[in-house]
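Novice: What follows is data.cif, mmCIF, C-alpha atoms.
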data_structure
loop_
_atom_site.group_PDB
_atom_site.id
_atom_site.type_symbol
_atom_site.label_atom_id
_atom_site.label_comp_id
_atom_site.auth_asym_id
_atom_site.auth_seq_id
_atom_site.Cartn_x
_atom_site.Cartn_y
_atom_site.Cartn_z
ATOM 1 C CA MET A 1 19.607 -38.792 15.321
ATOM 2 C CA SER A 2 20.823 -40.763 18.340
ATOM 3 C CA LYS A 3 20.755 -44.177 16.678
ATOM 4 C CA LYS A 4 22.449 -42.746 13.600
ATOM 5 C CA LEU A 5 25.370 -41.643 15.779
ATOM 6 C CA LEU A 6 25.632 -45.061 17.439
ATOM 7 C CA LEU A 7 25.492 -46.808 14.069
ATOM 8 C CA GLU A 8 28.268 -44.541 12.789
ATOM 9 C CA LEU A 9 30.490 -45.385 15.761
ATOM 10 C CA ASN A 10 29.642 -49.080 15.614
ATOM 11 C CA GLY A 11 30.579 -49.474 11.948
ATOM 12 C CA ASP A 12 30.491 -53.111 10.855
ATOM 13 C CA THR A 13 31.112 -54.464 14.359
ATOM 14 C CA LYS A 14 28.644 -57.217 15.307
ATOM 15 C CA GLY A 15 29.085 -57.206 19.050
ATOM 16 C CA HIS A 16 27.559 -55.695 22.165
ATOM 17 C CA LEU A 17 26.872 -52.194 20.800
ATOM 18 C CA ASN A 18 25.245 -53.639 17.702
ATOM 19 C CA LYS A 19 23.036 -55.745 19.969
ATOM 20 C CA PHE A 20 22.091 -52.679 22.032
ATOM 21 C CA ILE A 21 21.139 -50.746 18.876
ATOM 22 C CA GLU A 22 19.097 -53.596 17.416
ATOM 23 C CA GLN A 23 17.180 -54.279 20.622
ATOM 24 C CA PHE A 24 16.486 -50.646 21.581
ATOM 25 C CA ILE A 25 13.070 -49.449 20.488
ATOM 26 C CA GLY A 26 12.966 -45.785 19.483
ATOM 27 C CA GLU A 27 15.770 -43.268 19.979
ATOM 28 C CA PRO A 28 18.015 -43.805 23.036
ATOM 29 C CA ARG A 29 18.563 -40.904 25.402
ATOM 30 C CA ILE A 30 22.289 -40.127 25.435
ATOM 31 C CA ALA A 31 24.178 -38.441 28.264
ATOM 32 C CA TRP A 32 27.429 -36.922 26.958
ATOM 33 C CA TYR A 33 30.335 -36.415 29.352
ATOM 34 C CA PRO A 34 33.134 -34.544 27.543
ATOM 35 C CA SER A 35 36.511 -34.700 29.323
ATOM 36 C CA ALA A 36 35.196 -37.566 31.421
ATOM 37 C CA GLY A 37 38.632 -38.877 32.341
ATOM 38 C CA THR A 38 38.279 -41.704 34.851
ATOM 39 C CA ASP A 39 35.207 -40.189 36.510
ATOM 40 C CA PHE A 40 32.236 -42.577 36.535
ATOM 41 C CA ARG A 41 30.193 -40.720 39.174
ATOM 42 C CA ALA A 42 27.676 -39.607 36.545
ATOM 43 C CA LEU A 43 26.440 -43.199 36.311
ATOM 44 C CA LEU A 44 25.359 -42.943 39.950
ATOM 45 C CA TYR A 45 24.061 -39.387 39.960
ATOM 46 C CA LEU A 46 21.907 -39.881 36.860
ATOM 47 C CA HIS A 47 20.330 -43.128 38.007
ATOM 48 C CA PRO A 48 16.616 -42.938 38.948
ATOM 49 C CA ASN A 49 17.394 -44.223 42.466
ATOM 50 C CA TYR A 50 19.562 -41.176 43.134
ATOM 51 C CA SER A 51 16.732 -38.908 41.999
ATOM 52 C CA LYS A 52 14.336 -40.664 44.377
ATOM 53 C CA LEU A 53 16.688 -40.171 47.320
ATOM 54 C CA ASN A 54 17.590 -36.601 46.322
ATOM 55 C CA PRO A 55 14.603 -35.106 44.502
ATOM 56 C CA ALA A 56 15.146 -32.009 42.384
ATOM 57 C CA SER A 57 13.234 -28.823 43.087
ATOM 58 C CA ILE A 58 10.986 -29.567 40.100
ATOM 59 C CA GLN A 59 10.420 -32.568 37.853
ATOM 60 C CA GLU A 60 13.671 -33.390 36.072
ATOM 61 C CA PRO A 61 14.026 -34.994 32.632
ATOM 62 C CA SER A 62 13.950 -38.755 32.263
ATOM 63 C CA PRO A 63 17.329 -40.433 32.828
ATOM 64 C CA PRO A 64 19.644 -41.424 29.982
ATOM 65 C CA ASP A 65 19.658 -44.859 28.371
ATOM 66 C CA ILE A 66 23.348 -44.783 27.472
ATOM 67 C CA PHE A 67 26.406 -42.703 28.355
ATOM 68 C CA LEU A 68 28.835 -41.251 25.838
ATOM 69 C CA PHE A 69 32.232 -40.336 27.311
ATOM 70 C CA THR A 70 34.861 -38.442 25.335
ATOM 71 C CA ASP A 71 38.458 -37.714 26.332
ATOM 72 C CA TYR A 72 41.477 -37.994 24.088
ATOM 73 C CA ASN A 73 43.884 -39.403 26.705
ATOM 74 C CA PRO A 74 42.138 -40.303 29.972
ATOM 75 C CA PHE A 75 44.231 -43.286 31.069
ATOM 76 C CA MET A 76 47.990 -43.678 31.457
ATOM 77 C CA SER A 77 47.734 -47.182 30.034
ATOM 78 C CA SER A 78 45.274 -49.122 27.910
ATOM 79 C CA ARG A 79 45.511 -51.954 30.443
ATOM 80 C CA ILE A 80 42.932 -50.169 32.628
ATOM 81 C CA LEU A 81 40.251 -51.578 30.335
ATOM 82 C CA GLU A 82 41.561 -55.107 30.803
ATOM 83 C CA LYS A 83 40.651 -55.026 34.487
ATOM 84 C CA LYS A 84 37.425 -56.459 35.864
ATOM 85 C CA ILE A 85 36.985 -53.679 38.436
ATOM 86 C CA ILE A 86 37.552 -50.134 37.149
ATOM 87 C CA TYR A 87 36.432 -48.293 40.294
ATOM 88 C CA LEU A 88 36.371 -49.303 43.947
ATOM 89 C CA ASP A 89 35.851 -47.532 47.245
ATOM 90 C CA ARG A 90 34.139 -48.446 50.495
ATOM 91 C CA LYS A 91 30.698 -47.529 49.108
ATOM 92 C CA THR A 92 30.831 -48.326 45.397
ATOM 93 C CA ARG A 93 32.172 -50.889 42.945
ATOM 94 C CA ILE A 94 32.056 -50.532 39.161
ATOM 95 C CA LEU A 95 32.813 -53.602 37.095
ATOM 96 C CA ILE A 96 33.217 -54.194 33.375
ATOM 97 C CA GLN A 97 30.728 -56.883 32.358
ATOM 98 C CA ASP A 98 31.321 -56.667 28.601
ATOM 99 C CA ILE A 99 33.738 -54.667 26.498
ATOM 100 C CA GLU A 100 34.511 -54.429 22.798
ATOM 101 C CA GLU A 101 36.710 -52.242 20.651
ATOM 102 C CA LEU A 102 34.975 -50.285 17.906
ATOM 103 C CA PRO A 103 36.412 -48.955 14.628
ATOM 104 C CA LYS A 104 39.013 -46.175 14.792
ATOM 105 C CA LEU A 105 37.611 -42.661 14.906
ATOM 106 C CA ASN A 106 40.083 -41.053 12.493
ATOM 107 C CA LEU A 107 39.927 -37.682 14.216
ATOM 108 C CA PRO A 108 42.742 -35.115 14.436
ATOM 109 C CA LEU A 109 44.642 -33.794 17.443
ATOM 110 C CA ASN A 110 44.797 -30.038 16.917
ATOM 111 C CA GLU A 111 47.626 -28.296 18.737
ATOM 112 C CA GLU A 112 45.241 -25.426 19.520
ATOM 113 C CA LEU A 113 43.144 -27.821 21.617
ATOM 114 C CA VAL A 114 45.437 -30.390 23.257
ATOM 115 C CA VAL A 115 48.534 -30.340 25.418
ATOM 116 C CA SER A 116 49.936 -33.605 24.058
ATOM 117 C CA ARG A 117 50.030 -33.854 20.270
ATOM 118 C CA ASN A 118 50.958 -37.552 20.573
ATOM 119 C CA GLY A 119 47.974 -38.535 22.711
ATOM 120 C CA GLY A 120 48.176 -41.909 24.410
ATOM 121 C CA ALA A 121 47.763 -45.620 23.837
ATOM 122 C CA LEU A 122 43.994 -45.315 23.441
ATOM 123 C CA THR A 123 43.775 -42.047 21.505
ATOM 124 C CA ASP A 124 41.547 -42.248 18.393
ATOM 125 C CA LYS A 125 40.056 -45.557 19.517
ATOM 126 C CA ALA A 126 36.573 -46.208 20.884
ATOM 127 C CA VAL A 127 35.153 -48.911 23.122
ATOM 128 C CA PHE A 128 31.683 -49.967 24.181
ATOM 129 C CA MET A 129 31.210 -51.295 27.708
ATOM 130 C CA ASN A 130 28.399 -52.707 29.782
ATOM 131 C CA LEU A 131 29.187 -51.617 33.328
ATOM 132 C CA LYS A 132 27.767 -53.046 36.531
ATOM 133 C CA ILE A 133 27.482 -50.643 39.453
ATOM 134 C CA ILE A 134 27.179 -51.922 43.028
ATOM 135 C CA SER A 135 26.331 -49.108 45.441
ATOM 136 C CA ASP A 136 25.512 -49.411 49.136
ATOM 137 C CA ARG A 137 22.901 -46.628 48.765
ATOM 138 C CA LEU A 138 21.553 -46.997 45.236
ATOM 139 C CA GLY A 139 21.639 -50.767 44.850
ATOM 140 C CA THR A 140 22.942 -52.784 41.910
ATOM 141 C CA PHE A 141 22.301 -51.780 38.315
ATOM 142 C CA SER A 142 23.947 -51.677 34.889
ATOM 143 C CA PHE A 143 24.582 -48.957 32.309
ATOM 144 C CA PRO A 144 25.991 -49.082 28.775
ATOM 145 C CA VAL A 145 28.899 -46.686 28.191
ATOM 146 C CA LEU A 146 30.473 -45.768 24.870
ATOM 147 C CA TYR A 147 33.909 -44.224 25.386
ATOM 148 C CA ALA A 148 35.419 -42.345 22.434
ATOM 149 C CA PHE A 149 39.058 -41.434 23.047
ATOM 150 C CA ALA A 150 38.918 -38.187 21.129
ATOM 151 C CA VAL A 151 39.087 -34.421 21.569
ATOM 152 C CA ASN A 152 35.667 -33.132 22.610
ATOM 153 C CA GLU A 153 35.539 -30.341 20.045
ATOM 154 C CA THR A 154 36.537 -32.484 17.052
ATOM 155 C CA PHE A 155 34.190 -35.253 18.159
ATOM 156 C CA TYR A 156 31.334 -32.756 18.304
ATOM 157 C CA CYS A 157 32.103 -31.315 14.888
ATOM 158 C CA ASN A 158 32.927 -34.563 13.055
ATOM 159 C CA LYS A 159 30.580 -37.041 14.725
ATOM 160 C CA LEU A 160 27.713 -35.367 16.588
ATOM 161 C CA VAL A 161 26.885 -32.700 14.006
ATOM 162 C CA PRO A 162 26.860 -34.944 10.888
ATOM 163 C CA SER A 163 24.688 -37.484 12.722
ATOM 164 C CA GLN A 164 22.271 -34.767 13.897
ATOM 165 C CA ALA A 165 22.617 -36.414 17.295
ATOM 166 C CA ILE A 166 20.205 -35.632 20.108
ATOM 167 C CA ILE A 167 21.947 -35.401 23.478
ATOM 168 C CA SER A 168 19.521 -35.348 26.398
ATOM 169 C CA HIS A 169 22.143 -34.632 29.106
ATOM 170 C CA ILE A 170 25.551 -32.930 29.103
ATOM 171 C CA ILE A 171 27.963 -33.267 32.044
ATOM 172 C CA HIS A 172 30.492 -30.443 32.321
ATOM 173 C CA VAL A 173 32.722 -31.233 35.305
ATOM 174 C CA ARG A 174 36.482 -30.566 35.404
ATOM 175 C CA TYR A 175 36.516 -29.931 31.674
ATOM 176 C CA GLY A 176 40.075 -28.669 31.564
ATOM 177 C CA GLY A 177 41.301 -25.351 30.235
ATOM 178 C CA GLY A 178 44.998 -26.134 30.349
ATOM 179 C CA LEU A 179 45.263 -25.751 34.120
ATOM 180 C CA GLY A 180 46.562 -29.249 34.785
ATOM 181 C CA GLY A 181 44.013 -30.683 32.368
ATOM 182 C CA GLY A 182 44.476 -32.165 28.947
ATOM 183 C CA GLY A 183 43.405 -29.269 26.747
ATOM 184 C CA TYR A 184 43.186 -25.546 26.156
ATOM 185 C CA ALA A 185 39.408 -25.102 26.379
ATOM 186 C CA THR A 186 37.076 -24.751 29.349
ATOM 187 C CA GLY A 187 34.053 -26.007 27.431
ATOM 188 C CA ILE A 188 32.209 -22.696 27.567
ATOM 189 C CA TRP A 189 31.382 -23.247 23.881
ATOM 190 C CA LEU A 190 29.014 -26.027 25.014
ATOM 191 C CA LEU A 191 26.584 -23.344 26.180
ATOM 192 C CA ASN A 192 26.219 -22.326 22.531
ATOM 193 C CA VAL A 193 25.192 -25.792 21.312
ATOM 194 C CA LEU A 194 22.598 -26.812 23.897
ATOM 195 C CA LYS A 195 19.742 -26.025 21.526
ATOM 196 C CA VAL A 196 21.558 -27.577 18.562
ATOM 197 C CA LEU A 197 21.832 -30.870 20.463
ATOM 198 C CA ARG A 198 18.292 -30.502 21.838
ATOM 199 C CA CYS A 199 19.753 -30.966 25.290
ATOM 200 C CA GLU A 200 17.372 -31.023 28.263
ATOM 201 C CA LEU A 201 19.731 -30.953 31.252
ATOM 202 C CA LEU A 202 23.186 -29.451 31.797
ATOM 203 C CA ILE A 203 25.120 -30.695 34.825
ATOM 204 C CA SER A 204 28.001 -28.310 35.411
ATOM 205 C CA ASP A 205 30.535 -27.055 37.940
ATOM 206 C CA GLY A 206 30.195 -23.612 36.350
ATOM 207 C CA ARG A 207 33.913 -23.241 35.561
ATOM 208 C CA TYR A 208 33.594 -21.211 32.379
ATOM 209 C CA ASP A 209 35.745 -18.622 30.716
ATOM 210 C CA TRP A 210 36.883 -18.187 27.139
ATOM 211 C CA ARG A 211 40.299 -19.731 26.474
ATOM 212 C CA LYS A 212 42.166 -20.131 23.224
ATOM 213 C CA GLY A 213 40.752 -23.630 22.723
ATOM 214 C CA ASP A 214 37.184 -22.363 22.984
ATOM 215 C CA PHE A 215 37.852 -19.600 20.459
ATOM 216 C CA PHE A 216 39.522 -22.121 18.151
ATOM 217 C CA ALA A 217 36.466 -24.387 18.421
ATOM 218 C CA LEU A 218 34.319 -21.599 16.951
ATOM 219 C CA GLU A 219 36.666 -21.288 13.996
ATOM 220 C CA PHE A 220 37.271 -25.016 13.563
ATOM 221 C CA CYS A 221 33.592 -25.929 13.718
ATOM 222 C CA LYS A 222 31.543 -23.292 11.903
ATOM 223 C CA SER A 223 28.281 -24.977 12.950
ATOM 224 C CA ILE A 224 28.773 -23.840 16.564
ATOM 225 C CA PRO A 225 26.544 -20.791 17.091
ATOM 226 C CA ARG A 226 28.480 -17.693 18.111
ATOM 227 C CA PHE A 227 26.215 -16.994 21.075
ATOM 228 C CA PRO A 228 24.196 -19.100 23.530
ATOM 229 C CA SER A 229 20.426 -19.150 23.079
ATOM 230 C CA SER A 230 19.346 -21.113 26.147
ATOM 231 C CA ASN A 231 18.257 -20.134 29.628
ATOM 232 C CA LEU A 232 19.264 -22.329 32.569
ATOM 233 C CA MET A 233 17.111 -23.112 35.611
ATOM 234 C CA PRO A 234 19.010 -24.698 38.545
ATOM 235 C CA ILE A 235 17.048 -27.610 40.037
ATOM 236 C CA ARG A 236 19.631 -29.445 42.167
ATOM 237 C CA VAL A 237 23.127 -28.941 43.555
ATOM 238 C CA ILE A 238 25.810 -31.370 44.723
ATOM 239 C CA LYS A 239 28.475 -30.076 47.071
ATOM 240 C CA SER A 240 31.957 -29.842 45.630
ATOM 241 C CA GLN A 241 33.415 -32.542 47.889
ATOM 242 C CA ASP A 242 30.786 -35.034 46.762
ATOM 243 C CA TRP A 243 31.869 -34.890 43.126
ATOM 244 C CA SER A 244 34.961 -33.172 41.809
ATOM 245 C CA CYS A 245 36.267 -30.911 44.597
ATOM 246 C CA TYR A 246 36.248 -28.261 41.857
ATOM 247 C CA GLY A 247 33.172 -26.319 42.893
ATOM 248 C CA ASN A 248 29.542 -27.166 43.531
ATOM 249 C CA VAL A 249 27.890 -29.061 40.678
ATOM 250 C CA HIS A 250 24.507 -27.750 39.524
ATOM 251 C CA TRP A 251 21.735 -29.514 37.626
ATOM 252 C CA ASN A 252 20.347 -26.969 35.153
ATOM 253 C CA LEU A 253 17.110 -27.442 33.271
ATOM 254 C CA ILE A 254 17.486 -26.000 29.788
ATOM 255 C CA LEU A 255 14.693 -23.631 28.805
#
Represent the structure of the file as structure tokens.

Specialist:
Amino acid sequence: MSKKLLLELNGDTKGHLNKFIEQFIGEPRIAWYPSAGTDFRALLYLHPNYSKLNPASIQEPSPPDIFLFTDYNPFMSSRILEKKIIYLDRKTRILIQDIEELPKLNLPLNEELVVSRNGGALTDKAVFMNLKIISDRLGTFSFPVLYAFAVNETFYCNKLVPSQAIISHIIHVRYGGGLGGGGYATGIWLLNVLKVLRCELLISDGRYDWRKGDFFALEFCKSIPRFPSSNLMPIRVIKSQDWSCYGNVHWNLIL
């Protein structure tokens, strides 16, 4: 379950994530952003104030309570997490209010999945952050973010599956595929696990095709179903230039 996953990642740490787990009543709704890189736009687009200003075509699922980012080497240096401000433009500021390092993940870097077998300074680590977002349109709010510096496929197989984690939202934007990205998969295999994760909403740029990393994921993680079993209903679209410049991003209700 969701708390079981968070407890697994927290280990014996008695800091901010432990406090979040202890104080949260019920099971938190988790939004998973594989291959998140340095992109924090999801914090804005999944906030209730954005939904109010840009209503979907039908009622959308409730927003997440916490974000889970995964990427095995998103930053050139670990010093990025030592900064107070991690994102700044003329409309938005994102600040780190609290941050703590969690236990090592102890996950492999498979050459079939990653470009760099050595990873980076943060690879195989995890951090929990409380982020403050100041937006000229959406106002000021905070979100907890757990960032696991790991390969998406191995994190799914070794952390999400054993914990029977429930993931309410998945964000699939600029996943990779070896075309200037950090891996050899496009993330098309995610379509096969939507039901497994009991996901309610898929936010995607629709860049899917089977690459060697996706095929390897099916062999590496036998619990991934061989075929998708979900139907998708588009309920909102964001123009390419407003997110990734990699194609329009669609909100898809999972049926």

Novice: Apply the PyMOL selection byres ((chain A and resi 204) around 8) to the displayed file and report the matching residues as a PyMOL selection string.

Specialist: chain A and resi 171-173+202-203+205-207+249-252

Novice: Per residue of stretch 174-211 of chain A within 10 Å of stretch 142-153 of chain A, record the nearest atom pair and its distance in Å to one decimal, counting all atoms listed in the file, with rows in chain order and ascending residue number, as a Markdown table.

Specialist:
| residue | atom | partner | partner_atom | distance |
| --- | --- | --- | --- | --- |
| A:Tyr175 | CA | A:Asn152 | CA | 9.7 |
| A:Gly182 | CA | A:Val151 | CA | 9.4 |
| A:Gly183 | CA | A:Val151 | CA | 8.5 |
| A:Ala185 | CA | A:Glu153 | CA | 9.1 |
| A:Gly187 | CA | A:Glu153 | CA | 8.7 |
| A:Trp189 | CA | A:Glu153 | CA | 9.1 |
| A:Leu190 | CA | A:Glu153 | CA | 9.3 |

Novice: Keeping only C-alpha atoms, write the selected residues to a file as an mmCIF file, keeping the file's coordinate frame.

Specialist:
data_model
loop_
_atom_site.group_PDB
_atom_site.id
_atom_site.type_symbol
_atom_site.label_atom_id
_atom_site.label_comp_id
_atom_site.auth_asym_id
_atom_site.auth_seq_id
_atom_site.Cartn_x
_atom_site.Cartn_y
_atom_site.Cartn_z
ATOM 1 C CA TYR A 175 36.516 -29.931 31.674
ATOM 2 C CA GLY A 182 44.476 -32.165 28.947
ATOM 3 C CA GLY A 183 43.405 -29.269 26.747
ATOM 4 C CA ALA A 185 39.408 -25.102 26.379
ATOM 5 C CA GLY A 187 34.053 -26.007 27.431
ATOM 6 C CA TRP A 189 31.382 -23.247 23.881
ATOM 7 C CA LEU A 190 29.014 -26.027 25.014
#

Novice: Evaluate the PyMOL selection byres ((chain A and resi 100-116) around 8) here and jot the selected residues down as a ChimeraX atom specification.

Specialist: /A:9-11,13,15-16,98-99,117-119,124-129,148,150-151,154-155,158,178,182-185,212-213,216

Novice: Selected residues, C-alpha atoms, written as an mmCIF file, in the frame of the given file, please.

Specialist:
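Below you can see again.cif, which holds the result:
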data_model
loop_
_atom_site.group_PDB
_atom_site.id
_atom_site.type_symbol
_atom_site.label_atom_id
_atom_site.label_comp_id
_atom_site.auth_asym_id
_atom_site.auth_seq_id
_atom_site.Cartn_x
_atom_site.Cartn_y
_atom_site.Cartn_z
ATOM 1 C CA LEU A 9 30.490 -45.385 15.761
ATOM 2 C CA ASN A 10 29.642 -49.080 15.614
ATOM 3 C CA GLY A 11 30.579 -49.474 11.948
ATOM 4 C CA THR A 13 31.112 -54.464 14.359
ATOM 5 C CA GLY A 15 29.085 -57.206 19.050
ATOM 6 C CA HIS A 16 27.559 -55.695 22.165
ATOM 7 C CA ASP A 98 31.321 -56.667 28.601
ATOM 8 C CA ILE A 99 33.738 -54.667 26.498
ATOM 9 C CA ARG A 117 50.030 -33.854 20.270
ATOM 10 C CA ASN A 118 50.958 -37.552 20.573
ATOM 11 C CA GLY A 119 47.974 -38.535 22.711
ATOM 12 C CA ASP A 124 41.547 -42.248 18.393
ATOM 13 C CA LYS A 125 40.056 -45.557 19.517
ATOM 14 C CA ALA A 126 36.573 -46.208 20.884
ATOM 15 C CA VAL A 127 35.153 -48.911 23.122
ATOM 16 C CA PHE A 128 31.683 -49.967 24.181
ATOM 17 C CA MET A 129 31.210 -51.295 27.708
ATOM 18 C CA ALA A 148 35.419 -42.345 22.434
ATOM 19 C CA ALA A 150 38.918 -38.187 21.129
ATOM 20 C CA VAL A 151 39.087 -34.421 21.569
ATOM 21 C CA THR A 154 36.537 -32.484 17.052
ATOM 22 C CA PHE A 155 34.190 -35.253 18.159
ATOM 23 C CA ASN A 158 32.927 -34.563 13.055
ATOM 24 C CA GLY A 178 44.998 -26.134 30.349
ATOM 25 C CA GLY A 182 44.476 -32.165 28.947
ATOM 26 C CA GLY A 183 43.405 -29.269 26.747
ATOM 27 C CA TYR A 184 43.186 -25.546 26.156
ATOM 28 C CA ALA A 185 39.408 -25.102 26.379
ATOM 29 C CA LYS A 212 42.166 -20.131 23.224
ATOM 30 C CA GLY A 213 40.752 -23.630 22.723
ATOM 31 C CA PHE A 216 39.522 -22.121 18.151
#

Novice: Which of these residues is nearest to A:Tyr50, using all atoms listed in the file: A:Lys159, A:Arg174, A:Arg137, A:Arg226?

Specialist: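 The closest residue to A:Tyr50 is A:Arg137.
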
Novice: Let me make sure I understand: among A:Leu194, A:Ile170, A:Leu253, A:Leu160, which one has the smallest atom-to-atom distance to A:Pro225 if we use all atoms listed in the file?

Specialist: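 Ranked by minimum distance to A:Pro225, first place goes to A:Leu194.
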
Novice: Which residue is closest to A:Ser51? Choose from A:Pro228, A:Asp209, A:Gly37, A:Ile235 and count all atoms listed in the file.

Specialist: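 Result for the nearest residue to A:Ser51: A:Ile235.
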
Novice: Which one of A:Arg90, A:Pro162, A:Leu197, A:Cys157 sits closest to A:Glu219 if you count only C-alpha atoms?

Specialist: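 Answer, going by the shortest atom-to-atom distance: A:Cys157.
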
Novice: Would you compute the distance between atom CA of A:Ser135 and atom CA of A:Trp243? Give it in Å to one decimal.

Specialist: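 Going from atom CA of A:Ser135 over to atom CA of A:Trp243, I get 15.4 Å.
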
Novice: Nearest to A:Phe141 among A:Asn54, A:Ser163, A:Asn49, A:Gln23, with distances taken over all atoms listed in the file: which residue is it?

Specialist: A:Asn49

Novice: In Å, rounded to a single decimal, give me how far atom CA of A:Asp39 is from atom CA of A:Ile134.

Specialist: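 These atoms are spaced 15.6 Å apart.
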
Novice: So how many Å separate atom CA of A:Pro234 and atom CA of A:His169, to one decimal?

Specialist: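 Answer for the atom CA of A:Pro234 to atom CA of A:His169 separation: 14.1 Å.
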
Novice: Looking at A:Lys4, A:Ile238, A:Thr186, A:Asn192, which one is nearest to A:Asn18, with distances taken over all atoms listed in the file?

Specialist: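 Residue with the minimum atom-to-atom distance to A:Asn18: A:Lys4.
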